[in-house]
Structures are given as C-alpha cells and as structure tokens.
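The block underneath contains the structure these notes are about, expressed in structure tokens.
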Amino acid sequence: MGAKGFVEGGIASIVAGCSTHPLDLVKVRLQLQGETLSPAVSAIRPAVAFHGTSGVTAVAHPHPHPALRPPRRPGLIAVGAQILRAEGPSGLFSGVSATVLRQTLYSTTRMGLYDLLKKRWSATADGGSLPLRSKIAAGLIAGGIGAAVGNPADLAMVRMQADGRLPLAERRNYRSVLDAIGRMARQEGVARLWRGSSLTVNRAMIVTASQLATYDQAKEWILRRRGAGADGLVTHVAASFAAGMVASVASNPVDVVKTRVMNMKVEKGAPPPYAGAMDCALKTVKAEGPMALYKGFIPTVSRQGPFTVVLFVTLEQVRKLLKDF
C-alpha cells in the first residue's frame with residue numbers, strides 16, 4: 001500500500017511535468033532577466049552640472065529622458081516567441097529529459113511520502129480525517145526529502161533551460177540530463193550537484209505543503225457541501241486550481257532566488273556572483289527592486305495552474321485504475 005502511493009504520484013507528476021514543460025522554460029528565462037545588468041544603473045541617467053566655488057558638481061537627473069531609459073523587458077508571450085525564433089519549436093522542450101528525471105526522483109518521493117504520512121497520522125485509512133495543520137506538516141516533510149533526492153536533476157534542468165539565452169561561445173550545450181550531471185560532477189565536483197539545495201528544499205517544502213494540503217482541504221470542503229457524489233472531474237479541477245494559485249504565491253520569491261543561484265557561472269579564480277541564497281536575494285532586490293522576487297509570476301501561475309490541474313486530475317484517474325492493486 002505504501003509503494004502504490006509512490007507509483008501513482010510518480011506517473012501523475014511525469015505526465016504533468018512533460019505537458020507543461022514549455023511554460024516552465026519560459027518562466028526560468030523570465031526569472032533570469034536583468035540578472036547581468038550592471039549595478040551602475042545611474043550611469044544611464046543624464047547628469048546636470050553645477051558650477052560652484054569648489055568646482056563642478058554633477059547631480060544625477062531623477063527623471064531620465066525616455067530615450068535613455070533601459071528597454072522594456074519582454075513578457076510571457078514575447079519570450080516564448082523569442083525562443084521559437086532563435087531555437088525553433090524544439091527549443092521549448094530544452095531540458096525535458098531533466099524534467100522527466102526530476103519528476104521521477106523529486107515528485108515521486110514527495111507525493112508518495114505525503115500520502116504515506118497522511119495515512120499514518122490519520123484515524124481512517126484514507127487520511128480524510130487529518131486536520132489542516134497535519135497535512136501542512138506532512139507536506140513540509142515530504143517536500144524537503146523529495147527535494148534533497150532530486151536536486152541534481154533540478155540543477156541540470158535549470159541549466160539546460162537557461163542555456164539558450166547565453167551567447168553561443170558561453171553555452172554549456174549539454175546533450176542530455178545524464179551528460180549534464182556527469183559534466184557538472186567532473187568539472188565542478190560531486191558536491192556541486194547539490195548547489196542551491198537549501199533553496200530547493202525550502203521551495204519544495206513550501207510548494208508541497210501549500211499545493212497538496214490546499215488540494216486536499218479544498219476537495220474535502222467541496223465534498224462536504226455537495227456530497228460524495230460530487231467527487232468527479234469538476235471538483236478535482238476546482239480544488240487543483242486553488243492549490244496551484246496558493247502554491248504560486250507562496251513559492252515565487254524562493255523560486256527566483258533558486259533559479260539564479262543554480263544558473264550562476266563560476267569562473268576559475270573569480271568569486272561566485274552570489275555568496276548564497278540571502279546574498280542573491282539582497283542583490284536582486286537592491287539592483288531590481290522588491291518586485292523582482294515576483295519576476296516570472298505570470299508564467300509561474302500559467303505553469304503552476306495547468307501543472308497542478310493535470311497533476312491531480314491524472315492522479316485521481318491513476319488511483320481509479322490502480323484501486324484493485
């Protein structure tokens with residue numbers, strides 16, 4: 001019975017991950033926008049010179065001329081179109097092999113452990129009587145363990161998705177997820193496969209607790225009001241949509257920092273761009289403003305919503321197919 005939850009969760013996660021991969025790719029590209037901008041943003045602003053007794057003093061103009069402002073960054077549709085033009089339709093599936101491996105390791109573990117803990121802690125065999133706080137606790141534990149297991153695949157996925165935005169001379173050109181993991185281990189050391197793991201674990205704990213607990217809670221709330229006969233597609237879609245929204249809002253800041261830390265390129269003899277997660281968050285906010293932590297939020301919702309709907313609708317169908325096993 002314990003293994004069945006892992007199988008069901010793994011199948012549903014792989015289907016959901018592959019079907020929404022292009023949206024995840026666009027989200028990663030959007031989250032990396034502005035990362036390489038020089039901190040000397042004021043250099044683009046015209047200065048007004050005042051002649052005083054001590055010499056000439058230059059004061060940055062608070063309202064730069066429109067022509068001197070940085071170009072507006074592209075949005076969800078524009079980035080998707082850029083990928084299609086530059087890399088072709090197959091570019092939208094860059095790193096899909098890493099997505100499959102990540103879902104196999106990370107999501108299978110978190111879904112299976114959550115189901116196992118929920119049943120262990122519940123007074124009934126189906127876990128239906130579990131209070132919300134216990135569901136959240138189960139999600140935090142399951143998400144953290146799942147992320148630790150799947151971090152190498154997550155790191156490979158981020159790098160493969162981000163590779164297309166780099167100049168040709170700087171691209172890593174990984175052939176597959178196994179090639180990516182192998183090269184990272186040889187060139188940077190095995191320990192580097194867990195770069196950003198603290199962020200991955202934190203994000204996974206937040207996502208799993210908010211996503212799975214919200215789905216179960218929303219589904220139970222609907223069934224209490226509409227009766228057990230309402231346990232069908234409409235209820236599953238409604239509950240999963242709510243879960244996707246809650247997970248997106250809760251996880252986006254951590255996701256932005258995680259993406260940047262995992263994607264950073266460390267040159268030999270040079271200090272890394274970020275000393276850690278907190279350093280990355282502070283530099284991002286200082287250079288781009290607090291809302292930079294919600295960069296890519298629209299594609300996050302656009303991806304997390306469909307992903308969560310496909311995940312739970314598929315999971316419910318797989319459970320029906322495997323109910324006699």
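How things are named: the first chain in the structure tokens is A, the next is B, and so on; residues count from 1 in each chain; ligands count from 1 in the order shown.
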*asked:* Report as JSON, numbers by chain all protein, DNA and RNA residues lying within 10 Å of segment 100-106 of chain A, evaluated on only C-alpha atoms, omitting residues in the same chain fewer than 5 positions from it.
replied: {"A": [6, 7, 9, 10, 11, 12, 13, 14, 15, 16, 17, 18, 21, 95, 111, 142, 143, 144, 145, 146, 147, 148, 149, 150, 151, 152, 153, 154, 155, 156, 157, 177, 178, 204]}
Atoms kept (C-alpha atoms) for selection, written as an mmCIF file, in the first residue's frame:
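Final file, part.cif:
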data_model
loop_
_atom_site.group_PDB
_atom_site.id
_atom_site.type_symbol
_atom_site.label_atom_id
_atom_site.label_comp_id
_atom_site.auth_asym_id
_atom_site.auth_seq_id
_atom_site.Cartn_x
_atom_site.Cartn_y
_atom_site.Cartn_z
ATOM 1 C CA PHE A 6 4.740 6.484 -4.879
ATOM 2 C CA VAL A 7 3.774 4.855 -8.201
ATOM 3 C CA GLY A 9 2.279 10.138 -7.652
ATOM 4 C CA GLY A 10 5.205 9.432 -9.963
ATOM 5 C CA ILE A 11 3.046 8.701 -13.011
ATOM 6 C CA ALA A 12 0.896 11.795 -12.457
ATOM 7 C CA SER A 13 3.946 14.017 -11.895
ATOM 8 C CA ILE A 14 5.758 12.901 -15.050
ATOM 9 C CA VAL A 15 2.640 13.479 -17.178
ATOM 10 C CA ALA A 16 2.109 16.925 -15.642
ATOM 11 C CA GLY A 17 5.779 17.912 -15.870
ATOM 12 C CA CYS A 18 6.180 16.997 -19.537
ATOM 13 C CA HIS A 21 7.494 21.990 -19.695
ATOM 14 C CA GLY A 95 15.829 20.175 -20.765
ATOM 15 C CA MET A 111 3.856 12.533 -3.456
ATOM 16 C CA ALA A 142 7.712 15.130 2.130
ATOM 17 C CA GLY A 143 8.757 18.171 0.094
ATOM 18 C CA GLY A 144 12.055 18.584 1.909
ATOM 19 C CA ILE A 145 13.084 14.931 1.491
ATOM 20 C CA GLY A 146 11.939 14.850 -2.132
ATOM 21 C CA ALA A 147 13.945 17.968 -2.991
ATOM 22 C CA ALA A 148 17.123 16.596 -1.418
ATOM 23 C CA VAL A 149 16.774 13.449 -3.535
ATOM 24 C CA GLY A 150 16.027 15.313 -6.771
ATOM 25 C CA ASN A 151 18.400 18.308 -6.521
ATOM 26 C CA PRO A 152 20.950 17.105 -9.145
ATOM 27 C CA ALA A 153 18.160 16.699 -11.711
ATOM 28 C CA ASP A 154 16.697 20.079 -10.713
ATOM 29 C CA LEU A 155 20.087 21.759 -11.173
ATOM 30 C CA ALA A 156 20.525 20.115 -14.576
ATOM 31 C CA MET A 157 17.015 21.177 -15.623
ATOM 32 C CA VAL A 177 20.341 15.246 -18.368
ATOM 33 C CA LEU A 178 22.864 12.446 -17.762
ATOM 34 C CA ALA A 204 9.841 22.229 -2.237
#
*Please provide as a list in words all residues within 10 Å of segment 77-90 of chain A, with the sequence filter that same-chain residues fewer than 4 positions apart are discarded (counting only C-alpha atoms).*
Pro22, Leu23, Leu25, Val26, Lys27, Arg29, Leu30, Arg73, Ser94, Gly164, Arg165 and Pro299 of chain A
*Residue neighbourhood Thr208 of chain A, 8 Å, only C-alpha atoms, exclusion window fewer than 5 positions, as a PyMOL selection string*: chain A and resi 110+139-140+142-143+213+247
With a distance cut-off of 10 Å and only C-alpha atoms, select the neighbouring residues of Lys265 of chain A, excluding the residue or stretch itself and same-chain residues fewer than 4 positions from it, and output the selection as a tab-separated table (two decimals) with N, CA, C and O atoms, in the first residue's frame.
chain	number	residue	atom	x	y	z
A	159	ARG	N	19.82	24.59	-15.70
A	159	ARG	CA	20.91	24.95	-16.61
A	159	ARG	C	20.56	24.66	-18.07
A	159	ARG	O	20.88	25.45	-18.97
A	170	GLU	N	29.42	30.80	-24.85
A	170	GLU	CA	29.32	30.53	-23.42
A	170	GLU	C	28.33	29.40	-23.08
A	170	GLU	O	28.19	29.04	-21.92
A	260	ARG	N	18.40	31.64	-9.95
A	260	ARG	CA	19.61	32.43	-10.18
A	260	ARG	C	20.85	31.79	-9.56
A	260	ARG	O	21.93	31.80	-10.15
A	261	VAL	N	20.71	31.23	-8.36
A	261	VAL	CA	21.85	30.57	-7.71
A	261	VAL	C	22.28	29.34	-8.50
A	261	VAL	O	23.47	29.09	-8.71
A	272	PRO	N	32.25	33.75	-6.83
A	272	PRO	CA	30.94	33.49	-7.46
A	272	PRO	C	30.08	34.75	-7.42
A	272	PRO	O	30.24	35.60	-6.53
A	273	PRO	N	29.16	34.91	-8.38
A	273	PRO	CA	28.28	36.08	-8.40
A	273	PRO	C	27.49	36.24	-7.11
A	273	PRO	O	27.22	37.36	-6.67
A	274	TYR	N	27.10	35.11	-6.50
A	274	TYR	CA	26.33	35.15	-5.26
A	274	TYR	C	27.01	34.28	-4.21
A	274	TYR	O	27.42	33.15	-4.51
